[in-house]
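Q: As input, take query_16.pdb (PDB, C-alpha atoms and all ligand atoms):
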```pdb
MODEL        1
ATOM      1  CA  MET A   4     -15.506   2.126   5.472
ATOM      2  CA  ALA A   5     -19.250   2.062   4.891
ATOM      3  CA  SER A   6     -19.749   0.483   8.319
ATOM      4  CA  ALA A   7     -17.173   2.709  10.009
ATOM      5  CA  ILE A   8     -18.966   5.900   9.000
ATOM      6  CA  ARG A   9     -22.411   4.545   9.820
ATOM      7  CA  THR A  10     -24.219   7.087  11.973
ATOM      8  CA  ASP A  11     -26.445   6.566  15.011
ATOM      9  CA  THR A  12     -29.403   8.132  13.160
ATOM     10  CA  PRO A  13     -32.461   5.850  13.176
ATOM     11  CA  ASP A  14     -33.238   4.018   9.927
ATOM     12  CA  SER A  15     -36.447   5.999   9.403
ATOM     13  CA  VAL A  16     -34.367   9.184   9.048
ATOM     14  CA  VAL A  17     -31.543   7.903   6.845
ATOM     15  CA  GLY A  18     -33.879   5.832   4.663
ATOM     16  CA  SER A  19     -33.410   2.149   4.106
ATOM     17  CA  ARG A  20     -30.010   1.124   5.459
ATOM     18  CA  ASN A  21     -30.000  -2.007   3.348
ATOM     19  CA  GLU A  22     -30.522  -0.026   0.189
ATOM     20  CA  LEU A  23     -27.670   2.309   1.047
ATOM     21  CA  ARG A  24     -25.438  -0.645   1.870
ATOM     22  CA  ALA A  25     -26.207  -2.262  -1.494
ATOM     23  CA  ARG A  26     -25.224   0.971  -3.259
ATOM     24  CA  GLN A  27     -22.006   1.244  -1.240
ATOM     25  CA  MET A  28     -21.176  -2.372  -2.071
ATOM     26  CA  ARG A  29     -21.585  -1.450  -5.703
ATOM     27  CA  ILE A  30     -18.698   1.014  -5.233
ATOM     28  CA  ALA A  31     -16.547  -1.793  -3.821
ATOM     29  CA  GLU A  32     -17.405  -3.944  -6.848
ATOM     30  CA  ILE A  33     -16.633  -1.112  -9.260
ATOM     31  CA  THR A  34     -13.326  -0.471  -7.486
ATOM     32  CA  GLU A  35     -12.361  -4.120  -7.821
ATOM     33  CA  MET A  36     -13.308  -4.079 -11.510
ATOM     34  CA  ILE A  37     -11.152  -1.000 -12.149
ATOM     35  CA  HIS A  38      -8.318  -2.653 -10.204
ATOM     36  CA  VAL A  39      -8.543  -5.895 -12.210
ATOM     37  CA  ALA A  40      -8.827  -3.990 -15.514
ATOM     38  CA  SER A  41      -5.696  -2.022 -14.643
ATOM     39  CA  LEU A  42      -3.793  -5.233 -13.854
ATOM     40  CA  ILE A  43      -4.938  -6.892 -17.093
ATOM     41  CA  HIS A  44      -3.690  -3.866 -19.042
ATOM     42  CA  ASP A  45      -0.542  -3.734 -16.910
ATOM     43  CA  ASP A  46       0.294  -7.350 -17.746
ATOM     44  CA  VAL A  47      -0.072  -6.573 -21.461
ATOM     45  CA  LEU A  48       2.233  -3.546 -21.118
ATOM     46  CA  ASP A  49       4.757  -5.508 -19.017
ATOM     47  CA  ALA A  50       4.459  -8.668 -21.182
ATOM     48  CA  ALA A  51       3.960 -10.543 -17.902
ATOM     49  CA  ASP A  52       3.563 -14.331 -18.000
ATOM     50  CA  THR A  53       1.936 -14.691 -14.589
ATOM     51  CA  ARG A  54      -0.361 -12.806 -12.229
ATOM     52  CA  ARG A  55      -0.836 -13.905  -8.630
ATOM     53  CA  GLY A  56       0.805 -17.247  -9.343
ATOM     54  CA  MET A  57      -1.391 -18.076 -12.355
ATOM     55  CA  ASP A  58      -1.070 -17.545 -16.094
ATOM     56  CA  SER A  59      -1.714 -13.901 -16.899
ATOM     57  CA  LEU A  60      -4.679 -13.272 -19.194
ATOM     58  CA  ASN A  61      -2.420 -12.038 -22.005
ATOM     59  CA  SER A  62      -0.328 -15.202 -21.853
ATOM     60  CA  ALA A  63      -3.497 -17.330 -21.966
ATOM     61  CA  VAL A  64      -5.455 -15.539 -24.719
ATOM     62  CA  GLY A  65      -2.995 -13.075 -26.304
ATOM     63  CA  ASN A  66      -2.583  -9.302 -26.054
ATOM     64  CA  LYS A  67      -5.503  -8.339 -28.290
ATOM     65  CA  LEU A  68      -8.179 -10.225 -26.369
ATOM     66  CA  ALA A  69      -6.644  -9.277 -23.031
ATOM     67  CA  ALA A  70      -6.663  -5.559 -23.916
ATOM     68  CA  LEU A  71     -10.312  -5.816 -24.963
ATOM     69  CA  ALA A  72     -11.193  -7.730 -21.787
ATOM     70  CA  GLY A  73      -9.689  -4.887 -19.744
ATOM     71  CA  ASP A  74     -11.678  -2.339 -21.785
ATOM     72  CA  PHE A  75     -14.844  -4.370 -21.291
ATOM     73  CA  LEU A  76     -14.366  -4.472 -17.507
ATOM     74  CA  LEU A  77     -13.827  -0.715 -17.464
ATOM     75  CA  PHE A  78     -16.971  -0.141 -19.482
ATOM     76  CA  ARG A  79     -18.976  -2.359 -17.103
ATOM     77  CA  ALA A  80     -17.470  -0.585 -14.103
ATOM     78  CA  PHE A  81     -18.476   2.850 -15.360
ATOM     79  CA  SER A  82     -21.938   1.674 -16.472
ATOM     80  CA  ALA A  83     -22.445   0.487 -12.897
ATOM     81  CA  ALA A  84     -21.081   3.795 -11.569
ATOM     82  CA  GLY A  85     -23.517   5.732 -13.773
ATOM     83  CA  SER A  86     -26.437   3.682 -12.475
ATOM     84  CA  LEU A  87     -25.735   5.036  -8.965
ATOM     85  CA  GLU A  88     -26.933   8.421 -10.304
ATOM     86  CA  ASN A  89     -24.501  10.441  -8.246
ATOM     87  CA  THR A  90     -22.241  12.646 -10.344
ATOM     88  CA  GLU A  91     -19.716  13.273  -7.551
ATOM     89  CA  VAL A  92     -19.249   9.522  -7.078
ATOM     90  CA  VAL A  93     -18.748   9.003 -10.826
ATOM     91  CA  SER A  94     -16.299  11.885 -10.858
ATOM     92  CA  LEU A  95     -14.279  10.409  -7.947
ATOM     93  CA  LEU A  96     -14.031   7.043  -9.697
ATOM     94  CA  ALA A  97     -13.056   8.771 -12.951
ATOM     95  CA  THR A  98     -10.328  10.641 -11.042
ATOM     96  CA  ALA A  99      -9.019   7.317  -9.719
ATOM     97  CA  LEU A 100      -8.861   5.932 -13.256
ATOM     98  CA  ASN A 101      -7.240   9.098 -14.582
ATOM     99  CA  ASN A 102      -4.622   8.814 -11.824
ATOM    100  CA  LEU A 103      -3.914   5.153 -12.627
ATOM    101  CA  VAL A 104      -3.149   6.042 -16.226
ATOM    102  CA  THR A 105      -1.108   9.099 -15.151
ATOM    103  CA  GLY A 106       0.931   6.937 -12.744
ATOM    104  CA  GLU A 107       1.645   4.436 -15.487
ATOM    105  CA  LEU A 108       2.652   7.280 -17.843
ATOM    106  CA  MET A 109       4.942   8.763 -15.166
ATOM    107  CA  GLN A 110       6.589   5.348 -14.880
ATOM    108  CA  MET A 111       7.008   4.967 -18.647
ATOM    109  CA  THR A 112       8.358   8.440 -19.326
ATOM    110  CA  VAL A 113      10.600   8.792 -16.257
ATOM    111  CA  THR A 114      13.952  10.514 -16.816
ATOM    112  CA  PRO A 115      17.179   9.348 -15.088
ATOM    113  CA  ALA A 116      17.017  12.334 -12.698
ATOM    114  CA  GLN A 117      13.345  11.661 -11.867
ATOM    115  CA  ARG A 118      14.201   8.051 -11.018
ATOM    116  CA  CYS A 119      16.354   9.379  -8.174
ATOM    117  CA  SER A 120      13.657  11.706  -6.812
ATOM    118  CA  MET A 121      11.673  10.539  -3.773
ATOM    119  CA  ASP A 122       8.972  13.152  -4.549
ATOM    120  CA  TYR A 123       8.519  11.773  -8.054
ATOM    121  CA  TYR A 124       8.460   8.227  -6.731
ATOM    122  CA  LEU A 125       5.850   8.971  -4.069
ATOM    123  CA  GLN A 126       3.670  10.931  -6.499
ATOM    124  CA  LYS A 127       3.780   8.050  -8.980
ATOM    125  CA  THR A 128       3.024   5.584  -6.177
ATOM    126  CA  TYR A 129       0.077   7.676  -5.041
ATOM    127  CA  TYR A 130      -1.351   7.634  -8.585
ATOM    128  CA  LYS A 131      -0.659   3.940  -9.197
ATOM    129  CA  THR A 132      -1.764   2.468  -5.896
ATOM    130  CA  ALA A 133      -3.249   4.905  -3.375
ATOM    131  CA  ALA A 134      -5.564   6.975  -5.585
ATOM    132  CA  LEU A 135      -7.984   4.124  -6.261
ATOM    133  CA  ILE A 136      -8.354   3.273  -2.563
ATOM    134  CA  SER A 137      -8.569   6.891  -1.384
ATOM    135  CA  ASN A 138     -11.125   7.984  -3.983
ATOM    136  CA  SER A 139     -13.215   4.849  -3.440
ATOM    137  CA  CYS A 140     -13.272   5.351   0.332
ATOM    138  CA  LYS A 141     -14.364   8.941  -0.265
ATOM    139  CA  ALA A 142     -17.019   7.826  -2.764
ATOM    140  CA  VAL A 143     -18.532   5.534  -0.105
ATOM    141  CA  ALA A 144     -18.859   8.527   2.234
ATOM    142  CA  VAL A 145     -20.233  10.840  -0.469
ATOM    143  CA  LEU A 146     -22.824   8.261  -1.507
ATOM    144  CA  SER A 147     -24.201   8.130   2.025
ATOM    145  CA  GLY A 148     -24.547  11.922   2.129
ATOM    146  CA  GLN A 149     -21.852  12.400   4.770
ATOM    147  CA  THR A 150     -20.289  15.809   5.443
ATOM    148  CA  ALA A 151     -17.273  16.997   3.451
ATOM    149  CA  GLU A 152     -15.213  16.531   6.636
ATOM    150  CA  VAL A 153     -16.090  12.824   6.946
ATOM    151  CA  ALA A 154     -15.555  12.307   3.203
ATOM    152  CA  GLY A 155     -12.132  13.970   3.558
ATOM    153  CA  LEU A 156     -11.159  11.670   6.450
ATOM    154  CA  ALA A 157     -12.264   8.594   4.492
ATOM    155  CA  TYR A 158     -10.062   9.832   1.636
ATOM    156  CA  GLN A 159      -7.081  10.388   3.990
ATOM    157  CA  TYR A 160      -7.424   6.888   5.413
ATOM    158  CA  GLY A 161      -7.292   5.375   1.901
ATOM    159  CA  ARG A 162      -4.368   7.589   0.898
ATOM    160  CA  HIS A 163      -2.206   6.596   3.857
ATOM    161  CA  LEU A 164      -3.142   2.942   3.432
ATOM    162  CA  GLY A 165      -2.121   2.923  -0.230
ATOM    163  CA  ILE A 166       1.263   4.643  -0.066
ATOM    164  CA  VAL A 167       4.385   2.439  -0.094
ATOM    165  CA  THR A 168       8.019   3.517  -0.095
ATOM    166  CA  ALA A 169      11.311   2.895  -1.833
ATOM    167  CA  PRO A 170      14.095   1.306   0.226
ATOM    168  CA  VAL A 171      16.612   1.728  -2.590
ATOM    169  CA  LEU A 172      16.074   5.492  -2.735
ATOM    170  CA  PHE A 173      16.798   5.694   0.990
ATOM    171  CA  ALA A 174      19.854   3.454   0.570
ATOM    172  CA  MET A 175      21.080   5.756  -2.224
ATOM    173  CA  GLU A 176      21.274   8.655   0.257
ATOM    174  CA  GLU A 177      23.884   6.650   2.230
ATOM    175  CA  PHE A 178      25.562   5.045  -0.770
ATOM    176  CA  PRO A 179      25.691   7.461  -3.737
ATOM    177  CA  GLU A 180      27.360   4.616  -5.685
ATOM    178  CA  LEU A 181      23.815   3.319  -6.262
ATOM    179  CA  ARG A 182      22.848   6.383  -8.284
ATOM    180  CA  GLY A 183      23.931   4.952 -11.661
ATOM    181  CA  SER A 184      21.838   1.776 -11.252
ATOM    182  CA  VAL A 185      18.791   3.764 -10.142
ATOM    183  CA  GLU A 186      19.149   6.254 -12.993
ATOM    184  CA  HIS A 187      19.209   3.424 -15.529
ATOM    185  CA  GLY A 188      16.240   1.646 -13.949
ATOM    186  CA  PHE A 189      18.278  -1.472 -13.103
ATOM    187  CA  ASN A 190      18.429  -2.425 -16.786
ATOM    188  CA  ASP A 191      21.584  -4.460 -16.215
ATOM    189  CA  PRO A 192      20.809  -7.647 -14.190
ATOM    190  CA  SER A 193      24.069  -7.259 -12.238
ATOM    191  CA  ASP A 194      22.719  -3.905 -10.938
ATOM    192  CA  VAL A 195      20.059  -5.780  -8.958
ATOM    193  CA  ALA A 196      22.635  -7.862  -7.085
ATOM    194  CA  THR A 197      24.716  -4.750  -6.330
ATOM    195  CA  ALA A 198      21.646  -2.851  -5.136
ATOM    196  CA  LEU A 199      20.654  -5.696  -2.807
ATOM    197  CA  GLU A 200      24.169  -5.731  -1.374
ATOM    198  CA  TYR A 201      24.116  -1.999  -0.624
ATOM    199  CA  LEU A 202      20.541  -2.221   0.621
ATOM    200  CA  ALA A 203      21.542  -4.833   3.216
ATOM    201  CA  LYS A 204      24.344  -2.538   4.481
ATOM    202  CA  SER A 205      22.084   0.521   4.578
ATOM    203  CA  GLN A 206      19.257   1.823   6.739
ATOM    204  CA  GLY A 207      16.968   1.604   3.666
ATOM    205  CA  ILE A 208      14.689  -1.168   4.917
ATOM    206  CA  GLU A 209      14.508   0.301   8.428
ATOM    207  CA  ARG A 210      13.681   3.787   7.122
ATOM    208  CA  THR A 211      11.047   2.319   4.812
ATOM    209  CA  ARG A 212       9.478   0.528   7.754
ATOM    210  CA  LEU A 213       9.490   3.743   9.784
ATOM    211  CA  LEU A 214       7.834   5.700   7.001
ATOM    212  CA  ALA A 215       5.233   2.966   6.488
ATOM    213  CA  THR A 216       4.583   2.991  10.247
ATOM    214  CA  GLU A 217       4.078   6.750  10.074
ATOM    215  CA  HIS A 218       1.514   6.315   7.268
ATOM    216  CA  ALA A 219      -0.276   3.600   9.260
ATOM    217  CA  LYS A 220      -0.437   6.010  12.225
ATOM    218  CA  LEU A 221      -1.843   8.769  10.030
ATOM    219  CA  ALA A 222      -4.411   6.338   8.597
ATOM    220  CA  ALA A 223      -5.466   5.466  12.173
ATOM    221  CA  ARG A 224      -5.580   9.162  13.055
ATOM    222  CA  ALA A 225      -8.037   9.792  10.207
ATOM    223  CA  ILE A 226     -10.293   7.064  11.615
ATOM    224  CA  ASP A 227     -10.011   8.466  15.163
ATOM    225  CA  ALA A 228     -10.982  11.906  13.866
ATOM    226  CA  LEU A 229     -14.348  10.635  12.586
ATOM    227  CA  PRO A 230     -17.334  12.031  14.517
ATOM    228  CA  GLU A 231     -18.095  10.142  17.714
ATOM    229  CA  VAL A 232     -20.522   7.301  17.288
ATOM    230  CA  GLY A 233     -22.268   4.876  19.663
ATOM    231  CA  ASN A 234     -23.263   1.960  17.473
ATOM    232  CA  LYS A 235     -21.202  -1.172  17.802
ATOM    233  CA  VAL A 236     -20.975  -1.914  14.077
ATOM    234  CA  ALA A 237     -19.257   1.407  13.446
ATOM    235  CA  LEU A 238     -16.880   0.990  16.390
ATOM    236  CA  VAL A 239     -15.840  -2.545  15.429
ATOM    237  CA  SER A 240     -15.360  -1.468  11.805
ATOM    238  CA  ARG A 241     -13.199   1.491  12.810
ATOM    239  CA  GLN A 242     -10.941  -0.829  14.784
ATOM    240  CA  ALA A 243     -10.805  -3.234  11.821
ATOM    241  CA  LEU A 244      -9.666  -0.413   9.514
ATOM    242  CA  LYS A 245      -6.911   0.537  11.961
ATOM    243  CA  ASP A 246      -5.867  -3.131  12.295
ATOM    244  CA  LEU A 247      -5.706  -3.397   8.509
ATOM    245  CA  ALA A 248      -3.274  -0.467   8.330
ATOM    246  CA  GLN A 249      -1.073  -2.157  10.971
ATOM    247  CA  LYS A 250      -1.233  -5.474   9.157
ATOM    248  CA  LEU A 251       0.105  -3.915   5.963
ATOM    249  CA  ILE A 252       3.303  -2.893   7.741
ATOM    250  CA  ARG A 253       3.944  -6.438   8.895
ATOM    251  CA  ARG A 254       3.068  -8.279   5.694
ATOM    252  CA  THR A 255       5.933 -10.040   3.971
ATOM    253  CA  LYS A 256       4.616 -10.222   0.385
TER     254      LYS A 256
HETATM  255  C1  LIG B 301       0.873  -2.661 -11.419
HETATM  256  O1  LIG B 301       2.157  -2.163 -11.420
HETATM  257  C2  LIG B 301       0.012  -1.692 -12.164
HETATM  258  C3  LIG B 301      -0.835  -0.784 -11.628
HETATM  259  C4  LIG B 301      -1.016  -0.689 -10.171
HETATM  260  C5  LIG B 301      -1.631   0.159 -12.473
HETATM  261  C6  LIG B 301      -1.486  -0.020 -13.953
HETATM  262  C7  LIG B 301      -2.186   1.028 -14.709
HETATM  263  C8  LIG B 301      -2.339   1.003 -16.034
HETATM  264  C9  LIG B 301      -1.811  -0.099 -16.881
HETATM  265  C10 LIG B 301      -3.026   2.143 -16.682
HETATM  266  C11 LIG B 301      -4.236   1.687 -17.439
HETATM  267  C12 LIG B 301      -5.294   1.288 -16.501
HETATM  268  C13 LIG B 301      -6.596   1.109 -16.855
HETATM  269  C14 LIG B 301      -7.597   0.708 -15.833
HETATM  270  C15 LIG B 301      -7.033   1.365 -18.236
HETATM  271  P1  LIG B 301       3.470  -3.033 -11.617
HETATM  272  O2  LIG B 301       3.612  -3.480 -13.016
HETATM  273  O3  LIG B 301       4.529  -2.140 -11.098
HETATM  274  O4  LIG B 301       3.299  -4.217 -10.581
HETATM  275  P2  LIG B 301       2.948  -5.757 -10.754
HETATM  276  O5  LIG B 301       2.755  -6.070 -12.195
HETATM  277  O6  LIG B 301       4.098  -6.462 -10.149
HETATM  278  O7  LIG B 301       1.682  -5.975  -9.954
HETATM  279 MG    MG B 302       3.351  -5.263 -13.914
HETATM  280 MG    MG B 303       3.642  -2.252 -14.722
ENDMDL
END
```
As structure tokens, how would this structure be written, given the file I've shared?
A:
Amino acid sequence: MASAIRTDTPDSVVGSRNELRARQMRIAEITEMIHVASLIHDDVLDAADTRRGMDSLNSAVGNKLAALAGDFLLFRAFSAAGSLENTEVVSLLATALNNLVTGELMQMTVTPAQRCSMDYYLQKTYYKTAALISNSCKAVAVLSGQTAEVAGLAYQYGRHLGIVTAPVLFAMEEFPELRGSVEHGFNDPSDVATALEYLAKSQGIERTRLLATEHAKLAARAIDALPEVGNKVALVSRQALKDLAQKLIRRTK
């Protein structure tokens, strides 16, 4: 994103490009630290044994140390954010963190009726997965002193990239028989097999793919709406961001 919004202004006007790039990279590092901290805490909450094919931290060192390791990463992330000396950037990253916790709370406190609501599901998904990407993309634009319009487009790109959808909720519209399993959060293992059976008969997967395609298009539209630019780095980076959105639709895991 930093490269995609790079302007054609000569270096002497925008100050040292390298210095700006180092500060924008700091945002990427902070974002990754918040992401990892949230997964460490998530694995404690979910009592998960593995993460990305390896032992989860909690299974290796126990819940207490894992929770503290997550806290430590968060502290380091926000110390680094503070050192950027830009209150709007710190505020955007704090919003992302606030949203992560809110998404997790929405998941934990969901009622049977809310489990069946696509609006609730998408809002929770935005908080849990899209908010970190969207606010970080925006922070990169804000840090480089871009206009509110460019910062808004960077945010929109991240938002559309981060949203995923729920095939089972679509399938439930065709097969109301699924409602009971959804309401109870698939707490009975046999519910999963039944849901998969109905899912295969339904348009759920196809509709999910269509919705994801729509989000990828909107992500690309945000990139296309960025102010015109002549430099090659920006143009190549814009194409790479659009390719990334396309790639997410096709990925299989
Ligand atoms: C993975 O979800 C979890 C998240 C994307 C966010 C978790 C957020 C918190 C635990 C709130 C606290 C966060 C911080 C930074 C203090 P999942 O369990 O549905 O998916 P997965 O385990 O299969 O990846
Ligand atoms: Mg989990
Ligand atoms: Mg979880």
Q: What does the distance from CA of Asp246 in chain A to CA of Leu125 in chain A come to in Å, to one decimal?
A: 23.5 Å
Q: Which one of A:Phe78, A:Tyr130, A:Tyr124, A:Tyr201 sits closest to Glu176 in chain A if you count only C-alpha atoms?
A: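 Smallest distance to Glu176 in chain A is found for A:Tyr201.
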Q: Running the PyMOL selection byres (((chain A and resi 182-190) around 9) and not hetatm) on this model by hand, what would come out? Give it as a list in words.
A: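 The output of the PyMOL selection byres (((chain A and resi 182-190) around 9) and not hetatm) on this file is Thr114, Pro115, Ala116, Gln117, Arg118, Cys119, Val171, Leu172, Met175, Glu176, Phe178, Pro179, Glu180, Leu181, Asp191, Pro192, Ser193, Asp194, Val195, Thr197 and Ala198 of chain A.
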Q: I'd like the residues picked by the PyMOL selection byres (((chain A and resi 66-74) around 12) and not hetatm) written out as a ChimeraX atom specification, using the chain letters and numbers from the file.
A: /A:36-52,59-65,75-81
Q: Assuming the chain letters and numbering stay as they are in my file, what does the PyMOL selection byres (((chain A and resi 131) around 12) and not hetatm) actually select? List them as a tab-separated table (two decimals) with C-alpha atoms, keeping the file's coordinate frame.
A:
```tsv
chain	number	residue	atom	x	y	z
A	37	ILE	CA	-11.15	-1.00	-12.15
A	38	HIS	CA	-8.32	-2.65	-10.20
A	41	SER	CA	-5.70	-2.02	-14.64
A	42	LEU	CA	-3.79	-5.23	-13.85
A	45	ASP	CA	-0.54	-3.73	-16.91
A	98	THR	CA	-10.33	10.64	-11.04
A	99	ALA	CA	-9.02	7.32	-9.72
A	100	LEU	CA	-8.86	5.93	-13.26
A	101	ASN	CA	-7.24	9.10	-14.58
A	102	ASN	CA	-4.62	8.81	-11.82
A	103	LEU	CA	-3.91	5.15	-12.63
A	104	VAL	CA	-3.15	6.04	-16.23
A	105	THR	CA	-1.11	9.10	-15.15
A	106	GLY	CA	0.93	6.94	-12.74
A	107	GLU	CA	1.64	4.44	-15.49
A	108	LEU	CA	2.65	7.28	-17.84
A	109	MET	CA	4.94	8.76	-15.17
A	110	GLN	CA	6.59	5.35	-14.88
A	124	TYR	CA	8.46	8.23	-6.73
A	125	LEU	CA	5.85	8.97	-4.07
A	126	GLN	CA	3.67	10.93	-6.50
A	127	LYS	CA	3.78	8.05	-8.98
A	128	THR	CA	3.02	5.58	-6.18
A	129	TYR	CA	0.08	7.68	-5.04
A	130	TYR	CA	-1.35	7.63	-8.59
A	132	THR	CA	-1.76	2.47	-5.90
A	133	ALA	CA	-3.25	4.90	-3.38
A	134	ALA	CA	-5.56	6.98	-5.58
A	135	LEU	CA	-7.98	4.12	-6.26
A	136	ILE	CA	-8.35	3.27	-2.56
A	137	SER	CA	-8.57	6.89	-1.38
A	162	ARG	CA	-4.37	7.59	0.90
A	165	GLY	CA	-2.12	2.92	-0.23
A	166	ILE	CA	1.26	4.64	-0.07
A	167	VAL	CA	4.38	2.44	-0.09
```
Q: What's around Ser86 in chain A at 10 Å? Count only C-alpha atoms, leave out sequence neighbours fewer than 6 positions away in its own chain, and write the answer as a list of chain:residue names.
A: A:Arg26, A:Arg29, A:Val93
Q: Contacts of Gly207 in chain A at 6 Å or less, counting all atoms listed in the file, minus same-chain residues fewer than 5 places along, as number ranges by chain?
A: A: 170, 173-174
Q: Mind dumping range 97-109 of chain A from that block, keeping N, CA and C atoms, as an mmCIF file, in the first residue's frame?
A:
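Final output, part05.cif:
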```
data_model
loop_
_atom_site.group_PDB
_atom_site.id
_atom_site.type_symbol
_atom_site.label_atom_id
_atom_site.label_comp_id
_atom_site.auth_asym_id
_atom_site.auth_seq_id
_atom_site.Cartn_x
_atom_site.Cartn_y
_atom_site.Cartn_z
ATOM 1 N N ALA A 97 -5.184 1.493 17.567
ATOM 2 C CA ALA A 97 -5.960 1.188 18.779
ATOM 3 C C ALA A 97 -7.377 0.768 18.396
ATOM 4 N N THR A 98 -7.933 1.404 17.363
ATOM 5 C CA THR A 98 -9.271 1.018 16.883
ATOM 6 C C THR A 98 -9.250 -0.428 16.398
ATOM 7 N N ALA A 99 -8.187 -0.787 15.670
ATOM 8 C CA ALA A 99 -8.083 -2.164 15.159
ATOM 9 C C ALA A 99 -8.080 -3.152 16.325
ATOM 10 N N LEU A 100 -7.324 -2.825 17.368
ATOM 11 C CA LEU A 100 -7.239 -3.715 18.525
ATOM 12 C C LEU A 100 -8.586 -3.797 19.252
ATOM 13 N N ASN A 101 -9.204 -2.624 19.416
ATOM 14 C CA ASN A 101 -10.525 -2.573 20.043
ATOM 15 C C ASN A 101 -11.501 -3.469 19.263
ATOM 16 N N ASN A 102 -11.443 -3.378 17.926
ATOM 17 C CA ASN A 102 -12.346 -4.179 17.102
ATOM 18 C C ASN A 102 -12.078 -5.683 17.224
ATOM 19 N N LEU A 103 -10.790 -6.044 17.329
ATOM 20 C CA LEU A 103 -10.454 -7.467 17.495
ATOM 21 C C LEU A 103 -11.115 -8.024 18.758
ATOM 22 N N VAL A 104 -10.988 -7.263 19.835
ATOM 23 C CA VAL A 104 -11.564 -7.727 21.105
ATOM 24 C C VAL A 104 -13.091 -7.746 21.001
ATOM 25 N N THR A 105 -13.669 -6.708 20.361
ATOM 26 C CA THR A 105 -15.129 -6.661 20.199
ATOM 27 C C THR A 105 -15.623 -7.855 19.381
ATOM 28 N N GLY A 106 -14.878 -8.182 18.302
ATOM 29 C CA GLY A 106 -15.272 -9.328 17.463
ATOM 30 C C GLY A 106 -15.259 -10.609 18.260
ATOM 31 N N GLU A 107 -14.231 -10.774 19.072
ATOM 32 C CA GLU A 107 -14.122 -11.983 19.895
ATOM 33 C C GLU A 107 -15.272 -12.020 20.915
ATOM 34 N N LEU A 108 -15.598 -10.858 21.492
ATOM 35 C CA LEU A 108 -16.719 -10.799 22.445
ATOM 36 C C LEU A 108 -18.045 -11.118 21.756
ATOM 37 N N MET A 109 -18.215 -10.585 20.524
ATOM 38 C CA MET A 109 -19.456 -10.881 19.778
ATOM 39 C C MET A 109 -19.588 -12.380 19.559
#
```
